[in-house]
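All remarks here apply to the structure that follows.
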Amino acid sequence: MVVSSPSPLRTKKTRAIGIPVIDLSLDPTTLSQHMVAACQDYGFFKIVNHRVPMDVISRMEEAAHGFFSKPANEKLKVKANPPTPFGYGCRNIGFNGDVGELEYLLLEANRSDDSTFNAVTDHPTNFSCAVDDYIHVVKELTCGLLEILALGLSLPDTHIFSRFIEDTDSDSCFRVNHYPSLKTHSNQTKPAHRIGFGEHSDPQIFTILRSNEVPGLQISTVDGLWIPVTTQPTDFCVFVGDALEVLTNGRFRSVRHRVMANTSTKSRTSMMYFAAPALNEWISPIPQMISPGNPRLYKSFTWNEYKKAAYSLRLGDQRIDLFKCHSTLR
């Protein structure tokens, strides 16, 4: 049995619903309005016409495919071990008992050396270049989106969110998940509603996800219904994280999501850039988001404090509740 959290798995019926798809070629005012609405209503949207070069995406996908195609003993050379989460993992999600039907590679976005890549691939320089080029373009994309959101909120400083990501000490990270294909020769009966990666929200500010066409991703609505997300080869998915929910004092909501176990004969690969502040940065609701009609909902904390809390809990726990102001918990 796959465990995502100590609480029962929510199995409310999934439904088809129009997920926001935002065209980045729109004029800035219209674009910012659409993005703000999506972050308020869903905490999630897909983007098209993003101008991220397809060759950069393809090279990263090819590099990831090369790594996951290696024998298990080769991949285990870069196995993640406590207290660091970075490296290769298979089934285990974190160090608190959560498991899923996947394998993954987690890397620091601002890493200080490339020694890990010597064990990851036979061509470490090529792999390093593919990772660096991909992180560079999605980081630029992330900062641009955050600045458009600041514009849509009528904030005087449009860099108020993106500055966290542009910081050279940013704690951003990059993860590639690989959900193996269904073995066609297997006669073993698999239970329905198997989970590939359990229900959770992302603790960071923003997540930019790119996946192949194999389905599995689902997001949760406020009322607990699950929406399947389909993607095209040129799409990116954008997730509001816990830190952005706090910065906007709850106006934007971090979206809970999960990935169902792969039932396709083709493997599912997804690549996530998790945009985070530096460890010593303070996270608190920005003043413009607080008013007599919108009282402060969250305490101030450093990103390091929040990160430690996230790593100490199970995947599905509502970690953000630990940092709510007492008056909001009544």
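Chain lettering (A, B, ...) mirrors the order of the structure tokens, residue numbering begins at 1 for each chain separately, and ligand numbering begins at 1 in order of display.
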Proximity check segment 223-311 of chain A to segment 142-145 of chain A, 10 Å, nearest pairs one decimal Å, only C-alpha atoms, as a tab-separated table:
```
residue	atom	partner	partner_atom	distance
A:Val238	CA	A:Thr142	CA	8.9
A:Tyr273	CA	A:Thr142	CA	8.9
A:Phe274	CA	A:Thr142	CA	9.5
A:Ala275	CA	A:Thr142	CA	7.5
```
Neighbouring residues of Arg319 of chain A were defined as those with any atom within 10 Å, considering only C-alpha atoms; residues of the same chain fewer than 4 positions away were excluded. Please report them as an mmCIF file with N, CA, C and O atoms, in the first residue's frame.
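The resulting file, out_19.cif, is shown below:
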```cif
data_model
loop_
_atom_site.group_PDB
_atom_site.id
_atom_site.type_symbol
_atom_site.label_atom_id
_atom_site.label_comp_id
_atom_site.auth_asym_id
_atom_site.auth_seq_id
_atom_site.Cartn_x
_atom_site.Cartn_y
_atom_site.Cartn_z
ATOM 1 N N HIS A 200 -0.150 16.793 -1.354
ATOM 2 C CA HIS A 200 0.673 17.739 -0.614
ATOM 3 C C HIS A 200 0.553 19.118 -1.255
ATOM 4 O O HIS A 200 -0.024 19.271 -2.333
ATOM 5 N N SER A 201 1.082 20.104 -0.599
ATOM 6 C CA SER A 201 1.331 21.410 -1.214
ATOM 7 C C SER A 201 2.830 21.633 -1.202
ATOM 8 O O SER A 201 3.554 21.017 -0.414
ATOM 9 N N PRO A 203 6.121 23.743 -0.335
ATOM 10 C CA PRO A 203 6.428 24.757 0.680
ATOM 11 C C PRO A 203 7.030 26.037 0.116
ATOM 12 O O PRO A 203 6.971 27.082 0.779
ATOM 13 N N ASP A 242 3.346 27.418 -0.457
ATOM 14 C CA ASP A 242 2.973 27.916 0.865
ATOM 15 C C ASP A 242 3.540 29.300 1.143
ATOM 16 O O ASP A 242 2.862 30.160 1.712
ATOM 17 N N TYR A 306 10.712 27.357 8.288
ATOM 18 C CA TYR A 306 9.611 26.687 7.612
ATOM 19 C C TYR A 306 10.081 25.388 6.951
ATOM 20 O O TYR A 306 9.390 24.372 6.990
ATOM 21 N N LYS A 307 11.257 25.430 6.385
ATOM 22 C CA LYS A 307 11.812 24.247 5.728
ATOM 23 C C LYS A 307 12.014 23.118 6.737
ATOM 24 O O LYS A 307 11.694 21.952 6.453
ATOM 25 N N ALA A 309 10.365 22.686 9.488
ATOM 26 C CA ALA A 309 9.045 22.189 9.849
ATOM 27 C C ALA A 309 8.509 21.248 8.774
ATOM 28 O O ALA A 309 7.945 20.188 9.071
ATOM 29 N N ALA A 310 8.717 21.634 7.514
ATOM 30 C CA ALA A 310 8.227 20.804 6.410
ATOM 31 C C ALA A 310 8.901 19.433 6.407
ATOM 32 O O ALA A 310 8.243 18.407 6.206
ATOM 33 N N TYR A 311 10.210 19.406 6.650
ATOM 34 C CA TYR A 311 10.941 18.143 6.622
ATOM 35 C C TYR A 311 10.657 17.277 7.848
ATOM 36 O O TYR A 311 10.936 16.075 7.836
ATOM 37 N N SER A 312 10.106 17.867 8.897
ATOM 38 C CA SER A 312 9.819 17.098 10.104
ATOM 39 C C SER A 312 8.441 16.445 10.065
ATOM 40 O O SER A 312 8.119 15.618 10.924
ATOM 41 N N LEU A 313 7.620 16.811 9.079
ATOM 42 C CA LEU A 313 6.249 16.331 9.011
ATOM 43 C C LEU A 313 6.072 15.347 7.865
ATOM 44 O O LEU A 313 6.927 15.209 6.997
ATOM 45 N N ARG A 314 4.927 14.661 7.868
ATOM 46 C CA ARG A 314 4.583 13.794 6.763
ATOM 47 C C ARG A 314 4.179 14.627 5.554
ATOM 48 O O ARG A 314 3.809 15.793 5.672
ATOM 49 N N LEU A 315 4.233 13.999 4.394
ATOM 50 C CA LEU A 315 3.993 14.693 3.133
ATOM 51 C C LEU A 315 2.648 15.415 3.100
ATOM 52 O O LEU A 315 2.555 16.564 2.661
ATOM 53 N N PHE A 323 1.977 27.991 11.343
ATOM 54 C CA PHE A 323 2.434 29.377 11.326
ATOM 55 C C PHE A 323 1.293 30.378 11.214
ATOM 56 O O PHE A 323 1.521 31.546 10.941
ATOM 57 N N LYS A 324 0.067 29.915 11.458
ATOM 58 C CA LYS A 324 -1.064 30.839 11.466
ATOM 59 C C LYS A 324 -1.109 31.604 12.776
ATOM 60 O O LYS A 324 -0.733 31.092 13.834
#
```
Self-check item: Top pick for closest residue to Val36 of chain A, considering A:Thr248, A:Asn110, A:Gln232, A:Asn177 and counting only C-alpha atoms
Solution: A:Thr248
Exercise. Write out as a list in words each polymer residue whose atoms come within 12 Å of Ala72 of chain A, counting only C-alpha atoms; drop sequence neighbours fewer than 4 positions from it.
Key: Phe67, Phe68, Leu76, Lys77, Val78, Lys79, Tyr88, Gly89, Cys90, Glu103 and Val120 of chain A
Quiz prompt | Residue neighbourhood Ser115 of chain A, 12 Å, only C-alpha atoms, exclusion window fewer than 4 positions, as an NGL selection string | solution = :A and (77-78 or 87 or 107 or 111 or 119-121 or 124-125 or 127-128)
Please report, as a Markdown table, each residue of segment 141-191 of chain A lying at most 12 Å from segment 289-304 of chain A, together with the nearest pair of atoms and the separation in Å rounded to one decimal; use only C-alpha atoms, and order rows by chain and ascending residue number.
```
| residue | atom | partner | partner_atom | distance |
| --- | --- | --- | --- | --- |
| A:Ala150 | CA | A:Met289 | CA | 11.4 |
| A:Leu153 | CA | A:Met289 | CA | 9.0 |
| A:Ser154 | CA | A:Met289 | CA | 10.5 |
| A:Leu155 | CA | A:Met289 | CA | 9.4 |
| A:Phe164 | CA | A:Trp303 | CA | 10.6 |
| A:Asp169 | CA | A:Trp303 | CA | 11.9 |
| A:Ser170 | CA | A:Trp303 | CA | 10.2 |
| A:Asp171 | CA | A:Trp303 | CA | 8.8 |
| A:Ser172 | CA | A:Trp303 | CA | 11.2 |
```
Write to file, as a short mmCIF file (atom, residue, chain, number, x, y, z; two decimals), in the first residue's frame, the residues of the selection just made, with N, CA, C and O atoms.
```cif
data_model
loop_
_atom_site.label_atom_id
_atom_site.label_comp_id
_atom_site.auth_asym_id
_atom_site.auth_seq_id
_atom_site.Cartn_x
_atom_site.Cartn_y
_atom_site.Cartn_z
N ALA A 150 2.88 40.73 -9.12
CA ALA A 150 3.01 41.94 -8.31
C ALA A 150 2.31 43.12 -8.99
O ALA A 150 1.65 43.94 -8.33
N LEU A 153 -1.38 42.84 -8.50
CA LEU A 153 -1.80 43.19 -7.14
C LEU A 153 -1.62 44.67 -6.84
O LEU A 153 -1.86 45.11 -5.71
N SER A 154 -1.18 45.43 -7.84
CA SER A 154 -0.95 46.88 -7.71
C SER A 154 0.07 47.20 -6.63
O SER A 154 -0.05 48.20 -5.91
N LEU A 155 1.10 46.37 -6.52
CA LEU A 155 2.15 46.60 -5.53
C LEU A 155 3.16 47.60 -6.10
O LEU A 155 3.52 47.53 -7.28
N PHE A 164 13.41 37.39 -4.09
CA PHE A 164 13.78 36.20 -3.31
C PHE A 164 14.48 35.17 -4.20
O PHE A 164 15.42 34.50 -3.78
N ASP A 169 21.86 33.53 -2.97
CA ASP A 169 21.78 32.52 -1.92
C ASP A 169 20.43 31.83 -1.89
O ASP A 169 20.10 31.13 -0.92
N SER A 170 19.64 32.03 -2.92
CA SER A 170 18.33 31.39 -3.00
C SER A 170 18.45 29.87 -2.77
O SER A 170 19.39 29.24 -3.23
N ASP A 171 17.48 29.33 -2.05
CA ASP A 171 17.48 27.90 -1.71
C ASP A 171 16.65 27.09 -2.71
O ASP A 171 16.16 26.01 -2.39
N SER A 172 16.50 27.61 -3.92
CA SER A 172 15.72 26.91 -4.95
C SER A 172 16.34 25.56 -5.28
O SER A 172 17.55 25.36 -5.12
#
```
Practice problem: May I have all residues of segment 180-237 of chain A that DSSP, computed from the backbone, assigns to strand (DSSP E or B), given as JSON, numbers by chain? | Solution: {"A": [195, 196, 197, 198, 199, 200, 206, 207, 208, 209, 210, 211, 217, 218, 219, 220, 226, 227, 228, 236, 237]}
Self-check item: Residue list (helix (DSSP H, G or I), DSSP) for segment 13-257 of chain A, as an MDAnalysis selection string
Solution: chainID A and resid 28:41 54:68 72:78 115:120 124:152 162:166 242:247
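Taking atom CA of Pro228 of chain A and atom CA of Ala37 of chain A as endpoints, the distance between them is 19.8 Å.
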Exercise. Using only C-alpha atoms, determine which residues lie at most 12 Å from Leu149 of chain A, disregarding the query and same-chain residues fewer than 2 positions distant; provide the list as number ranges by chain.
Key: A: 28-40, 142-147, 151-162, 206, 240, 244, 248, 251-252
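What separates atom CA of Gln204 of chain A from atom CA of Asn249 of chain A is a distance of 14.9 Å.
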